[in-house]
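Chemist: Okay, so here is data-v8.tsv, and as you'll see once you scroll down, it has TSV, C-alpha atoms.
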chain	number	residue	atom	x	y	z
I	25	MET	CA	100.35	95.36	96.02
I	26	HIS	CA	103.84	94.15	95.31
I	27	GLY	CA	106.76	96.41	95.90
I	28	PRO	CA	108.77	98.01	98.68
I	29	VAL	CA	106.88	98.98	101.83
I	30	LEU	CA	107.96	102.62	101.52
I	31	VAL	CA	106.66	102.85	97.94
I	32	ASN	CA	103.36	101.23	98.93
I	33	SER	CA	103.01	103.59	101.90
I	34	LEU	CA	103.74	106.69	99.83
I	35	LEU	CA	101.37	105.49	97.11
I	36	ALA	CA	98.68	104.92	99.73
I	37	VAL	CA	99.13	108.43	101.18
I	38	LEU	CA	99.13	110.06	97.74
I	39	THR	CA	96.05	108.25	96.46
I	40	ALA	CA	94.13	108.51	99.75
I	41	ALA	CA	94.75	112.27	99.79
I	42	ALA	CA	93.56	112.55	96.18
I	43	GLY	CA	90.52	110.39	96.96
I	44	GLY	CA	89.76	112.48	100.05
I	45	TYR	CA	89.94	115.68	98.06
I	46	CYS	CA	87.65	114.28	95.37
I	47	LEU	CA	85.23	113.09	98.04
I	48	SER	CA	85.21	116.55	99.63
I	49	ARG	CA	84.41	118.06	96.20
I	50	LEU	CA	81.64	115.51	95.79
I	51	ARG	CA	80.15	116.35	99.19
I	52	ARG	CA	80.28	120.10	98.54
I	53	ALA	CA	78.75	119.78	95.08
I	54	PRO	CA	75.38	121.45	94.66
I	55	GLY	CA	72.50	119.53	93.12
I	56	THR	CA	72.78	118.61	89.48
I	57	ALA	CA	69.33	119.72	88.44
I	58	GLY	CA	68.91	122.26	85.68
I	59	PRO	CA	71.31	123.26	82.96
I	60	GLY	CA	74.43	122.38	85.00
I	61	THR	CA	75.58	119.48	82.84
I	62	HIS	CA	79.19	120.51	83.48
I	63	ARG	CA	78.58	120.16	87.24
I	64	ARG	CA	76.97	116.74	86.67
I	65	HIS	CA	80.04	115.59	84.73
I	66	SER	CA	82.36	117.02	87.35
I	67	HIS	CA	80.28	115.29	90.02
I	68	GLU	CA	80.65	112.00	88.12
I	69	SER	CA	84.41	112.51	87.78
I	70	ASP	CA	84.79	113.35	91.45
I	71	ALA	CA	82.96	110.15	92.40
I	72	ALA	CA	85.08	108.02	90.05
I	73	GLU	CA	88.32	109.61	91.20
I	74	ALA	CA	87.39	109.27	94.89
I	75	LEU	CA	86.64	105.56	94.35
I	76	MET	CA	89.94	105.07	92.54
I	77	GLY	CA	91.93	107.02	95.12
I	78	PHE	CA	90.58	105.18	98.14
I	79	GLY	CA	90.65	101.86	96.31
I	80	MET	CA	94.28	102.28	95.30
I	81	ALA	CA	95.20	103.29	98.84
I	82	ALA	CA	93.38	100.32	100.34
I	83	MET	CA	94.94	97.97	97.81
I	84	ALA	CA	98.42	99.34	98.56
I	85	VAL	CA	98.18	98.83	102.32
I	86	SER	CA	96.07	95.67	102.50
I	87	GLY	CA	98.70	93.36	101.05
I	88	ASP	CA	97.39	89.83	101.05
I	89	ALA	CA	94.73	90.55	103.70
I	90	VAL	CA	92.14	91.08	100.96
I	91	PRO	CA	92.08	88.49	98.19
I	92	ALA	CA	93.08	89.93	94.83
I	93	VAL	CA	89.89	88.62	93.24
I	94	VAL	CA	87.90	90.94	95.53
I	95	TRP	CA	89.89	93.90	94.19
I	96	ALA	CA	89.25	92.67	90.65
I	97	TRP	CA	85.49	92.92	91.30
I	98	VAL	CA	85.76	96.23	93.16
I	99	PHE	CA	87.49	97.85	90.19
I	100	GLY	CA	86.05	95.74	87.38
I	101	VAL	CA	82.39	96.62	87.92
I	102	PRO	CA	82.90	100.42	87.80
I	103	ALA	CA	85.26	99.99	84.84
I	104	ALA	CA	82.55	98.14	82.96
I	105	ALA	CA	80.05	100.87	83.83
I	106	PHE	CA	82.41	103.57	82.53
I	107	LEU	CA	83.04	101.62	79.34
I	108	LEU	CA	79.31	101.32	78.80
I	109	ALA	CA	78.79	105.02	79.54
I	110	ALA	CA	81.60	105.95	77.14
I	111	ALA	CA	80.09	103.81	74.41
I	112	LEU	CA	76.54	105.13	74.87
I	113	ALA	CA	76.96	108.76	75.84
I	114	PRO	CA	77.81	111.29	73.13
I	115	ASP	CA	79.35	113.79	75.59
I	116	ARG	CA	82.45	113.45	77.76
I	117	ARG	CA	83.26	110.13	76.08
I	118	ALA	CA	87.05	110.53	76.42
I	119	HIS	CA	86.82	111.33	80.12
I	120	ARG	CA	84.65	108.30	80.81
I	121	LEU	CA	86.97	106.18	78.72
I	122	HIS	CA	89.90	107.38	80.85
I	123	HIS	CA	88.08	106.28	84.00
I	124	ALA	CA	87.31	102.93	82.36
I	125	ILE	CA	91.00	102.46	81.48
I	126	GLY	CA	91.91	103.27	85.09
I	127	GLY	CA	89.41	100.74	86.42
I	128	LEU	CA	90.54	98.11	83.96
I	129	ALA	CA	94.19	98.78	84.88
I	130	MET	CA	93.34	98.26	88.55
I	131	THR	CA	91.42	95.08	87.68
I	132	TYR	CA	94.40	93.88	85.63
I	133	ALA	CA	96.77	94.61	88.52
I	134	ALA	CA	94.55	92.72	90.97
I	135	LEU	CA	94.32	89.70	88.69
I	136	ALA	CA	98.08	89.78	88.11
I	137	MET	CA	98.59	89.84	91.90
I	138	ALA	CA	96.30	86.83	92.25
I	139	ALA	CA	98.33	84.94	89.65
I	140	ALA	CA	101.72	85.81	91.18
I	141	PRO	CA	103.12	83.27	93.64
I	142	ALA	CA	104.37	84.50	97.03
I	143	HIS	CA	107.63	83.23	98.52
I	144	GLY	CA	107.83	83.32	102.28
I	145	HIS	CA	107.37	86.78	103.74
I	146	HIS	CA	108.26	88.60	100.53
I	147	HIS	CA	106.14	88.86	97.45
I	148	ALA	CA	107.42	87.59	94.17
I	149	ALA	CA	107.25	89.90	91.21
I	150	ALA	CA	103.68	90.43	90.18
I	151	GLY	CA	102.39	88.58	87.18
I	152	GLY	CA	100.98	90.23	84.15
I	153	THR	CA	101.67	90.48	80.48
I	154	PRO	CA	104.71	92.66	79.74
I	155	LEU	CA	103.10	94.06	76.59
I	156	LEU	CA	99.89	95.10	78.38
I	157	THR	CA	101.81	96.41	81.38
I	158	GLY	CA	104.03	98.42	79.02
I	159	ALA	CA	101.04	99.82	77.15
I	160	LEU	CA	99.41	100.88	80.42
I	161	LEU	CA	102.69	102.42	81.60
I	162	LEU	CA	102.86	104.44	78.39
I	163	TYR	CA	99.24	105.52	78.75
I	164	PHE	CA	99.49	106.62	82.39
I	165	GLY	CA	102.95	108.11	81.90
I	166	GLY	CA	101.62	110.14	78.98
I	167	TYR	CA	98.47	111.03	80.91
I	168	SER	CA	100.56	112.23	83.85
I	169	LEU	CA	102.67	114.41	81.59
I	170	TRP	CA	99.55	115.80	79.91
I	171	ALA	CA	97.85	116.43	83.27
I	172	GLY	CA	101.01	118.12	84.55
I	173	THR	CA	101.09	120.49	81.59
I	174	ARG	CA	97.43	121.33	82.15
I	175	LEU	CA	98.14	122.04	85.80
I	176	LEU	CA	100.40	124.87	84.77
I	177	GLY	CA	99.09	127.59	82.47
I	178	THR	CA	101.28	129.93	80.54
I	179	THR	CA	100.72	133.67	80.58
I	180	ALA	CA	103.19	135.71	78.56
I	181	GLY	CA	105.76	132.94	78.92
I	182	ARG	CA	105.42	132.68	82.73
I	183	LEU	CA	104.16	129.57	84.47
I	184	THR	CA	101.18	130.29	86.69
I	185	ALA	CA	98.88	128.04	88.67
I	186	ALA	CA	95.74	127.27	86.73
I	187	THR	CA	92.35	128.34	88.09
I	188	ALA	CA	91.22	124.77	88.57
I	189	GLY	CA	94.54	123.74	90.08
I	190	LEU	CA	93.42	121.35	92.82
I	191	PRO	CA	91.18	119.13	90.66
I	192	ARG	CA	93.95	118.97	88.05
I	193	ALA	CA	96.51	118.19	90.75
I	194	CYS	CA	94.22	115.40	91.92
I	195	ARG	CA	94.10	113.95	88.39
I	196	LEU	CA	97.86	114.27	88.11
I	197	SER	CA	98.44	112.46	91.40
I	198	MET	CA	96.06	109.67	90.37
I	199	GLY	CA	97.93	109.26	87.08
I	200	ILE	CA	101.24	109.15	88.92
I	201	GLY	CA	99.78	106.64	91.38
I	202	MET	CA	98.63	104.37	88.55
I	203	PHE	CA	102.04	104.68	86.90
I	204	ALA	CA	103.81	103.79	90.17
I	205	MET	CA	101.47	100.83	90.74
I	206	LEU	CA	102.21	99.50	87.26
I	207	LEU	CA	105.95	99.88	87.80
I	208	THR	CA	105.74	97.35	90.64
I	209	MET	CA	104.36	94.72	88.27
For this file, produce the structure as structure tokens.
Modeler:
Amino acid sequence: MHGPVLVNSLLAVLTAAAGGYCLSRLRRAPGTAGPGTHRRHSHESDAAEALMGFGMAAMAVSGDAVPAVVWAWVFGVPAAAFLLAAALAPDRRAHRLHHAIGGLAMTYAALAMAAAPAHGHHHAAAGGTPLLTGALLLYFGGYSLWAGTRLLGTTAGRLTAATAGLPRACRLSMGIGMFAMLLTM
């Protein structure tokens, strides 16, 4: 990724921690047989968020060691699968669409990195279309604000940690990570 080393390192730590947490939830998840459709959807979300977290972390620290076109495939294939699932499945459509937008944003970032020329030891500003980058910044900025408000519940006017705090914190950190990644473009 393009951007200061400190920002890339912090982004890698944040997204790897979120991915690790989602992976631990995925590993602890009981079987999805029976009427537990909520667990199946949560299982699907944990898998998608773990992939995004580890992928974003790897992309942040790999620099030019991994060709950007590889990252485009790594994120593009799951994004296409989530788009297809969102189009075909009547339930949890918005959540799958969110994961598809995240995968497409990562694919877009990888392709923009591939198109950006490098000068010496420092990266030039990443490529990309300002309008699309701006739209994605608005989406992930708004998503992060929404996820942050869901992280905190209100009880009689007091802010309290929500019951499902860690999964929501994971989603918030992934939204912030996507926002930070797009800011470097």
Chemist: How far is it from atom CA of Val94 of chain I to atom CA of Ala134 of chain I, in Å with one decimal?
Modeler: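 Computed distance, atom CA of Val94 of chain I to atom CA of Ala134 of chain I, equals 8.3 Å.
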Chemist: Rounded to one decimal, what separation in Å do you get between atom CA of Ala89 of chain I and atom CA of Ala105 of chain I?
Modeler: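 So the answer is 26.8 Å.
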Chemist: State, in Å with one decimal place, the distance from atom CA of Thr39 of chain I to atom CA of Pro154 of chain I.
Modeler: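 Atom CA of Pro154 of chain I lies 24.4 Å from atom CA of Thr39 of chain I.
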Chemist: Give as a ChimeraX atom specification every residue, naming chains and numbers as the document does, that has an atom within 10 Å of (85.1, 113.8, 89.1), counting all atoms listed in the file.
Modeler: /I:46-47,49-50,63-75,119-120,123,191,194-195
Chemist: Name all residues at most 7 Å from segment 157-167 of chain I (count all atoms listed in the file; drop same-chain ones fewer than 2 positions away) and give them as number ranges by chain.
Modeler: I: 152-155, 169-171, 199, 202-203, 206
Chemist: Between I:Met83, I:Val29, I:Met198, I:Leu175, which has the minimum distance to Gly44 of chain I (counting only C-alpha atoms)?
Modeler: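 Smallest distance to Gly44 of chain I is found for I:Met198.
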Chemist: Find the spatial neighbours of Phe78 of chain I, counting all atoms listed in the file, within a cut-off of 9 Å - ignore same-chain residues fewer than 6 positions away - and output them as an MDAnalysis selection string.
Modeler: chainID I and resid 36 39:44
Chemist: Given all atoms listed in the file as the basis, pick out the residue of I:Ala96, I:Ala204, I:Ala103, I:Leu112 nearest to Ala133 of chain I.
Modeler: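 Of I:Ala96, I:Ala204, I:Ala103, I:Leu112, the one nearest Ala133 of chain I, counting all atoms listed in the file, is I:Ala96.
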Chemist: Nearest to Val101 of chain I: which of I:Ala113, I:Met130, I:Ala82, I:Leu156 is it, counting all atoms listed in the file?
Modeler: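 Closest residue, counting all atoms listed in the file: I:Met130.
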Chemist: Go through I:Ala104, I:Met76, I:Met205, I:Ala111 one by one, measure the shortest atom-to-atom distance of each to Asn32 of chain I using all atoms listed in the file, and give the residue with the smallest value.
Modeler: I:Met205
Chemist: Between I:Pro28, I:Gly172, I:Pro102, I:Gly201, single out the one closest to Gly189 of chain I, counting all atoms listed in the file.
Modeler: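 Distance minimum relative to Gly189 of chain I lands on I:Gly172.
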